[in-house]
file protein14.json (JSON, C-alpha atoms)
[["chain", "number", "residue", "atom", "x", "y", "z"],
["A", 1, "MET", "CA", 78.75, 81.08, 49.48],
["A", 2, "ARG", "CA", 78.64, 84.80, 50.04],
["A", 3, "THR", "CA", 76.93, 86.54, 47.17],
["A", 4, "SER", "CA", 76.17, 89.97, 48.55],
["A", 5, "SER", "CA", 76.54, 92.13, 51.59],
["A", 6, "VAL", "CA", 74.33, 94.74, 53.19],
["A", 7, "LYS", "CA", 75.86, 98.14, 53.64],
["A", 8, "GLN", "CA", 74.76, 100.72, 56.14],
["A", 9, "VAL", "CA", 74.29, 104.29, 54.99],
["A", 10, "GLY", "CA", 77.64, 106.04, 55.18],
["A", 11, "ASP", "CA", 79.73, 102.89, 54.95],
["A", 12, "THR", "CA", 82.35, 102.72, 52.27],
["A", 13, "MET", "CA", 81.52, 100.44, 49.39],
["A", 14, "ASP", "CA", 83.48, 97.51, 48.12],
["A", 15, "GLY", "CA", 83.41, 95.30, 45.09],
["A", 16, "GLU", "CA", 83.71, 96.26, 41.48],
["A", 17, "LEU", "CA", 83.88, 99.74, 40.09],
["A", 18, "ARG", "CA", 80.46, 101.19, 39.31],
["A", 19, "SER", "CA", 79.69, 104.42, 37.57],
["A", 20, "CYS", "CA", 76.14, 104.78, 38.99],
["A", 21, "VAL", "CA", 77.40, 106.75, 41.96],
["A", 22, "PRO", "CA", 75.65, 109.98, 42.88],
["A", 23, "PRO", "CA", 78.07, 112.88, 43.27],
["A", 24, "GLU", "CA", 77.50, 113.36, 46.98],
["A", 25, "SER", "CA", 78.57, 109.74, 47.65],
["A", 26, "ILE", "CA", 82.06, 110.27, 46.29],
["A", 27, "PHE", "CA", 84.33, 111.76, 48.89],
["A", 28, "GLU", "CA", 87.90, 112.85, 48.82],
["A", 29, "THR", "CA", 90.21, 111.12, 51.21],
["A", 30, "PHE", "CA", 93.73, 111.84, 52.23],
["A", 31, "GLU", "CA", 94.41, 108.19, 52.89],
["A", 32, "PRO", "CA", 96.49, 106.63, 50.17],
["A", 33, "ILE", "CA", 94.70, 104.12, 47.98],
["A", 34, "THR", "CA", 96.51, 100.82, 47.68],
["A", 35, "LEU", "CA", 96.76, 100.17, 44.03],
["A", 36, "ASN", "CA", 98.73, 97.24, 42.71],
["A", 37, "LYS", "CA", 99.32, 97.70, 39.07],
["A", 38, "GLN", "CA", 100.14, 94.67, 37.00],
["A", 39, "PRO", "CA", 100.19, 94.35, 33.26],
["A", 40, "LYS", "CA", 96.65, 95.13, 32.07],
["A", 41, "ARG", "CA", 95.27, 94.49, 35.53],
["A", 42, "ILE", "CA", 94.63, 96.70, 38.53],
["A", 43, "SER", "CA", 93.56, 95.56, 41.95],
["A", 44, "PHE", "CA", 92.02, 97.68, 44.64],
["A", 45, "MET", "CA", 92.49, 96.69, 48.23],
["A", 46, "HIS", "CA", 89.52, 96.38, 50.54],
["A", 47, "ASP", "CA", 89.25, 98.21, 53.79],
["A", 48, "ASP", "CA", 91.40, 97.06, 56.65],
["A", 49, "PHE", "CA", 88.37, 95.32, 58.16],
["A", 50, "ILE", "CA", 88.55, 92.57, 55.55],
["A", 51, "PRO", "CA", 92.26, 92.14, 54.98],
["A", 52, "GLN", "CA", 92.05, 88.81, 53.19],
["A", 53, "LYS", "CA", 89.83, 89.91, 50.37],
["A", 54, "ARG", "CA", 91.10, 91.72, 47.34],
["A", 55, "ILE", "CA", 88.98, 92.92, 44.48],
["A", 56, "THR", "CA", 90.54, 92.87, 41.08],
["A", 57, "VAL", "CA", 89.27, 94.94, 38.24],
["A", 58, "SER", "CA", 90.42, 94.47, 34.73],
["A", 59, "CYS", "CA", 91.45, 97.66, 33.11],
["A", 60, "ASP", "CA", 92.97, 97.83, 29.69],
["A", 61, "GLU", "CA", 93.37, 101.57, 29.79],
["A", 62, "LYS", "CA", 95.68, 103.49, 32.00],
["A", 63, "VAL", "CA", 94.19, 104.71, 35.24],
["A", 64, "ASP", "CA", 93.08, 108.30, 35.15],
["A", 65, "ARG", "CA", 91.73, 110.61, 37.83],
["A", 66, "LEU", "CA", 88.12, 109.97, 36.78],
["A", 67, "THR", "CA", 88.53, 106.23, 37.32],
["A", 68, "LEU", "CA", 90.17, 106.76, 40.68],
["A", 69, "ALA", "CA", 87.18, 108.85, 41.74],
["A", 70, "PHE", "CA", 84.99, 105.75, 41.45],
["A", 71, "VAL", "CA", 87.19, 103.48, 43.55],
["A", 72, "PRO", "CA", 84.67, 101.69, 45.82],
["A", 73, "SER", "CA", 86.51, 102.61, 48.99],
["A", 74, "ARG", "CA", 85.91, 106.27, 48.11],
["A", 75, "CYS", "CA", 82.17, 105.81, 47.62],
["A", 76, "ARG", "CA", 79.79, 105.84, 50.57],
["A", 77, "ALA", "CA", 76.57, 103.85, 50.61],
["A", 78, "CYS", "CA", 73.60, 106.16, 50.27],
["A", 79, "THR", "CA", 69.87, 105.73, 49.75],
["A", 80, "SER", "CA", 69.99, 108.02, 46.74],
["A", 81, "TRP", "CA", 71.83, 105.37, 44.71],
["A", 82, "ASP", "CA", 68.46, 103.92, 43.61],
["A", 83, "THR", "CA", 67.05, 107.07, 42.07],
["A", 84, "TRP", "CA", 70.38, 108.18, 40.62],
["A", 85, "GLY", "CA", 71.04, 104.79, 39.01],
["A", 86, "PHE", "CA", 67.46, 104.67, 37.73],
["A", 87, "GLY", "CA", 67.95, 108.08, 36.15],
["A", 88, "LEU", "CA", 71.08, 106.88, 34.37],
["A", 89, "VAL", "CA", 69.29, 103.81, 33.03],
["A", 90, "MET", "CA", 66.28, 105.85, 31.91],
["A", 91, "GLY", "CA", 68.52, 108.37, 30.20],
["A", 92, "GLU", "CA", 70.42, 105.68, 28.36],
["A", 93, "LEU", "CA", 67.21, 103.93, 27.28],
["A", 94, "LEU", "CA", 65.51, 107.08, 26.05],
["A", 95, "LEU", "CA", 68.53, 108.41, 24.21],
["A", 96, "ASN", "CA", 69.75, 105.01, 23.06],
["A", 97, "SER", "CA", 73.22, 106.02, 24.13],
["A", 98, "SER", "CA", 75.15, 106.93, 27.20],
["A", 99, "ALA", "CA", 73.50, 110.06, 28.53],
["A", 100, "ILE", "CA", 76.34, 110.99, 30.77],
["A", 101, "HIS", "CA", 79.98, 110.68, 29.84],
["A", 102, "LEU", "CA", 80.83, 108.32, 32.64],
["A", 103, "PRO", "CA", 83.49, 105.63, 32.49],
["A", 104, "ASN", "CA", 82.15, 102.21, 31.60],
["A", 105, "PHE", "CA", 83.52, 99.50, 33.88],
["A", 106, "ASP", "CA", 81.40, 96.69, 32.54],
["A", 107, "ARG", "CA", 83.17, 93.73, 31.05],
["A", 108, "ASN", "CA", 83.08, 93.54, 27.31],
["A", 109, "ALA", "CA", 82.07, 90.45, 25.34],
["A", 110, "SER", "CA", 85.64, 89.26, 24.82],
["A", 111, "MET", "CA", 86.24, 89.23, 28.58],
["A", 112, "HIS", "CA", 83.11, 87.11, 29.11],
["A", 113, "LEU", "CA", 84.25, 84.68, 26.40],
["A", 114, "LYS", "CA", 87.68, 84.48, 28.03],
["A", 115, "THR", "CA", 86.06, 83.67, 31.38],
["A", 116, "LEU", "CA", 83.89, 81.04, 29.73],
["A", 117, "TYR", "CA", 86.90, 79.52, 27.96],
["A", 118, "GLU", "CA", 88.86, 79.34, 31.20],
["A", 119, "PHE", "CA", 85.95, 77.90, 33.17],
["A", 120, "LYS", "CA", 86.98, 75.01, 35.37],
["A", 121, "PRO", "CA", 84.19, 72.64, 36.44],
["A", 122, "GLU", "CA", 86.12, 71.55, 39.51],
["A", 123, "ALA", "CA", 85.99, 75.14, 40.78],
["A", 124, "VAL", "CA", 82.22, 74.99, 41.14],
["A", 125, "GLU", "CA", 81.15, 74.86, 44.76],
["A", 126, "VAL", "CA", 78.84, 71.93, 45.48],
["A", 127, "ASN", "CA", 76.41, 72.12, 48.32],
["A", 128, "LEU", "CA", 77.05, 68.87, 50.19],
["A", 129, "LEU", "CA", 73.60, 69.03, 51.79],
["A", 130, "VAL", "CA", 71.81, 68.98, 48.44],
["A", 131, "THR", "CA", 74.09, 66.54, 46.62],
["A", 132, "PRO", "CA", 72.63, 63.26, 48.05],
["A", 133, "PHE", "CA", 69.10, 64.35, 47.12],
["A", 134, "LEU", "CA", 70.25, 65.36, 43.66],
["A", 135, "VAL", "CA", 71.96, 62.01, 43.11],
["A", 136, "ALA", "CA", 68.91, 60.13, 44.35],
["A", 137, "PHE", "CA", 66.64, 62.19, 42.10],
["A", 138, "LEU", "CA", 68.80, 61.50, 39.06],
["A", 139, "TYR", "CA", 69.04, 57.81, 39.94],
["A", 140, "PHE", "CA", 65.29, 57.33, 40.28],
["A", 141, "SER", "CA", 64.67, 59.41, 37.19],
["A", 142, "PHE", "CA", 66.57, 57.06, 34.96],
["A", 143, "ILE", "CA", 65.37, 53.69, 36.33],
["B", 1, "MET", "CA", 66.15, 115.00, 25.96],
["B", 2, "SER", "CA", 62.84, 116.76, 25.36],
["B", 3, "LYS", "CA", 63.50, 116.72, 21.62],
["B", 4, "TYR", "CA", 63.83, 112.95, 21.52],
["B", 5, "ALA", "CA", 61.62, 111.73, 24.35],
["B", 6, "GLY", "CA", 59.30, 114.59, 25.26],
["B", 7, "ASP", "CA", 59.07, 117.22, 27.95],
["B", 8, "GLN", "CA", 57.86, 114.84, 30.64],
["B", 9, "ALA", "CA", 60.81, 112.51, 30.09],
["B", 10, "ALA", "CA", 63.19, 115.44, 30.19],
["B", 11, "ASP", "CA", 61.61, 116.64, 33.44],
["B", 12, "LEU", "CA", 61.87, 113.17, 34.97],
["B", 13, "ILE", "CA", 65.51, 112.67, 34.00],
["B", 14, "GLY", "CA", 66.33, 116.17, 35.20],
["B", 15, "LYS", "CA", 64.84, 115.42, 38.60],
["B", 16, "LEU", "CA", 66.52, 112.02, 38.82],
["B", 17, "LEU", "CA", 69.97, 113.29, 37.88],
["B", 18, "GLU", "CA", 69.78, 116.51, 39.87],
["B", 19, "PRO", "CA", 73.27, 117.11, 41.31],
["B", 20, "SER", "CA", 71.87, 118.49, 44.56],
["B", 21, "PRO", "CA", 70.53, 115.63, 46.71],
["B", 22, "GLN", "CA", 68.07, 118.00, 48.40],
["B", 23, "LYS", "CA", 66.36, 118.81, 45.09],
["B", 24, "ARG", "CA", 66.55, 115.28, 43.69],
["B", 25, "LEU", "CA", 63.62, 112.85, 43.89],
["B", 26, "LYS", "CA", 64.03, 111.12, 47.24],
["B", 27, "ASN", "CA", 62.84, 107.60, 46.56],
["B", 28, "MET", "CA", 61.25, 105.34, 43.98],
["B", 29, "ARG", "CA", 57.76, 106.13, 45.30],
["B", 30, "ASP", "CA", 58.26, 109.74, 44.23],
["B", 31, "VAL", "CA", 59.63, 108.57, 40.91],
["B", 32, "LEU", "CA", 56.65, 106.36, 40.10],
["B", 33, "ILE", "CA", 54.10, 109.13, 40.76],
["B", 34, "HIS", "CA", 55.83, 111.41, 38.25],
["B", 35, "SER", "CA", 53.59, 112.47, 35.39],
["B", 36, "TYR", "CA", 55.79, 110.55, 32.92],
["B", 37, "PHE", "CA", 54.46, 107.31, 34.43],
["B", 38, "THR", "CA", 50.99, 108.39, 35.51],
["B", 39, "ASP", "CA", 49.82, 110.34, 32.45],
["B", 40, "GLU", "CA", 47.68, 108.33, 30.10],
["B", 41, "VAL", "CA", 48.77, 110.39, 27.12],
["B", 42, "GLY", "CA", 51.38, 108.69, 24.95],
["B", 43, "HIS", "CA", 54.89, 109.93, 25.46],
["B", 44, "PHE", "CA", 55.98, 109.55, 21.87],
["B", 45, "THR", "CA", 54.69, 111.28, 18.81],
["B", 46, "VAL", "CA", 54.98, 109.80, 15.35]]
call {"tool": "encode", "arguments": {"input": "protein14.json", "output": "structure tokens"}}
result
Amino acid sequence: MRTSSVKQVGDTMDGELRSCVPPESIFETFEPITLNKQPKRISFMHDDFIPQKRITVSCDEKVDRLTLAFVPSRCRACTSWDTWGFGLVMGELLLNSSAIHLPNFDRNASMHLKTLYEFKPEAVEVNLLVTPFLVAFLYFSFI
Amino acid sequence: MSKYAGDQAADLIGKLLEPSPQKRLKNMRDVLIHSYFTDEVGHFTV
């Protein structure tokens, strides 16, 4: 199961929209951004290098220019993300509010509850290598 | 920021969120040696 990927400095990002992007990492591009708009749902296409994957981002509000600026394919990986993101977190903690008027792409509580409600146990990936040991452990635990 | 969290906190946030990457703190090592973290004096006044 792929949980994360390592990006080289200068590579375009992928994944979900994040607002902790330092200004120098956002670049303007003349390439059109593939944006499939469905009712209350927007999906951003990955780069051409990974044509099968598609990242979907829920968005209840209409897309504005500020949101489009944070499209992952427009953001380049940079070592300054650490300090910039830390500054945002520190600012929010010290002020007890959002220090910078950035868009918030985090899921709200209702979205998490909806995901939990629609959870399907059969969708869970089971590591076939571990399963026999787990079954044996459970078996010997109860006898 | 300085009104609510003190001058050192304001200085730290200002250096972390500096728009120019040349003037911004370069890495977390530089962040952790900032006086906000190294000073023994309390940051908050009651």
call {"tool": "atom_distance", "arguments": {"input": "protein14.json", "atom1": "CA of Met13 in chain A", "atom2": "CA of Arg74 in chain A"}}
result
7.4 Å
call {"tool": "interface_residues", "arguments": {"input": "protein14.json", "of": "chain A", "to": "chain B", "cutoff": "6 Å", "atoms": "only C-alpha atoms", "output": "ChimeraX atom specification"}}
result
/A:83-84,87
call {"tool": "write_last_selection", "arguments": {"input": "protein14.json", "atoms": "C-alpha atoms", "output": "compact mmCIF listing (two decimals), in the coordinates of the input"}}
result
# COMPACT_ATOMS: atom_id res chain seq x y z
CA THR A 83 67.05 107.07 42.07
CA TRP A 84 70.38 108.18 40.62
CA GLY A 87 67.95 108.08 36.15
call {"tool": "atom_distance", "arguments": {"input": "protein14.json", "atom1": "CA of Leu93 in chain A", "atom2": "CA of Thr115 in chain A"}}
result
28.0 Å
call {"tool": "residues_around", "arguments": {"input": "protein14.json", "residues": "Arg76 in chain A", "least_positions_apart": "5", "cutoff": "6 Å", "atoms": "only C-alpha atoms", "output": "list in words"}}
result
Gly10, Asp11, Thr12, Met13 and Ser25 of chain A
call {"tool": "atom_distance", "arguments": {"input": "protein14.json", "atom1": "CA of Pro22 in chain A", "atom2": "CA of Thr79 in chain A"}}
result
9.9 Å
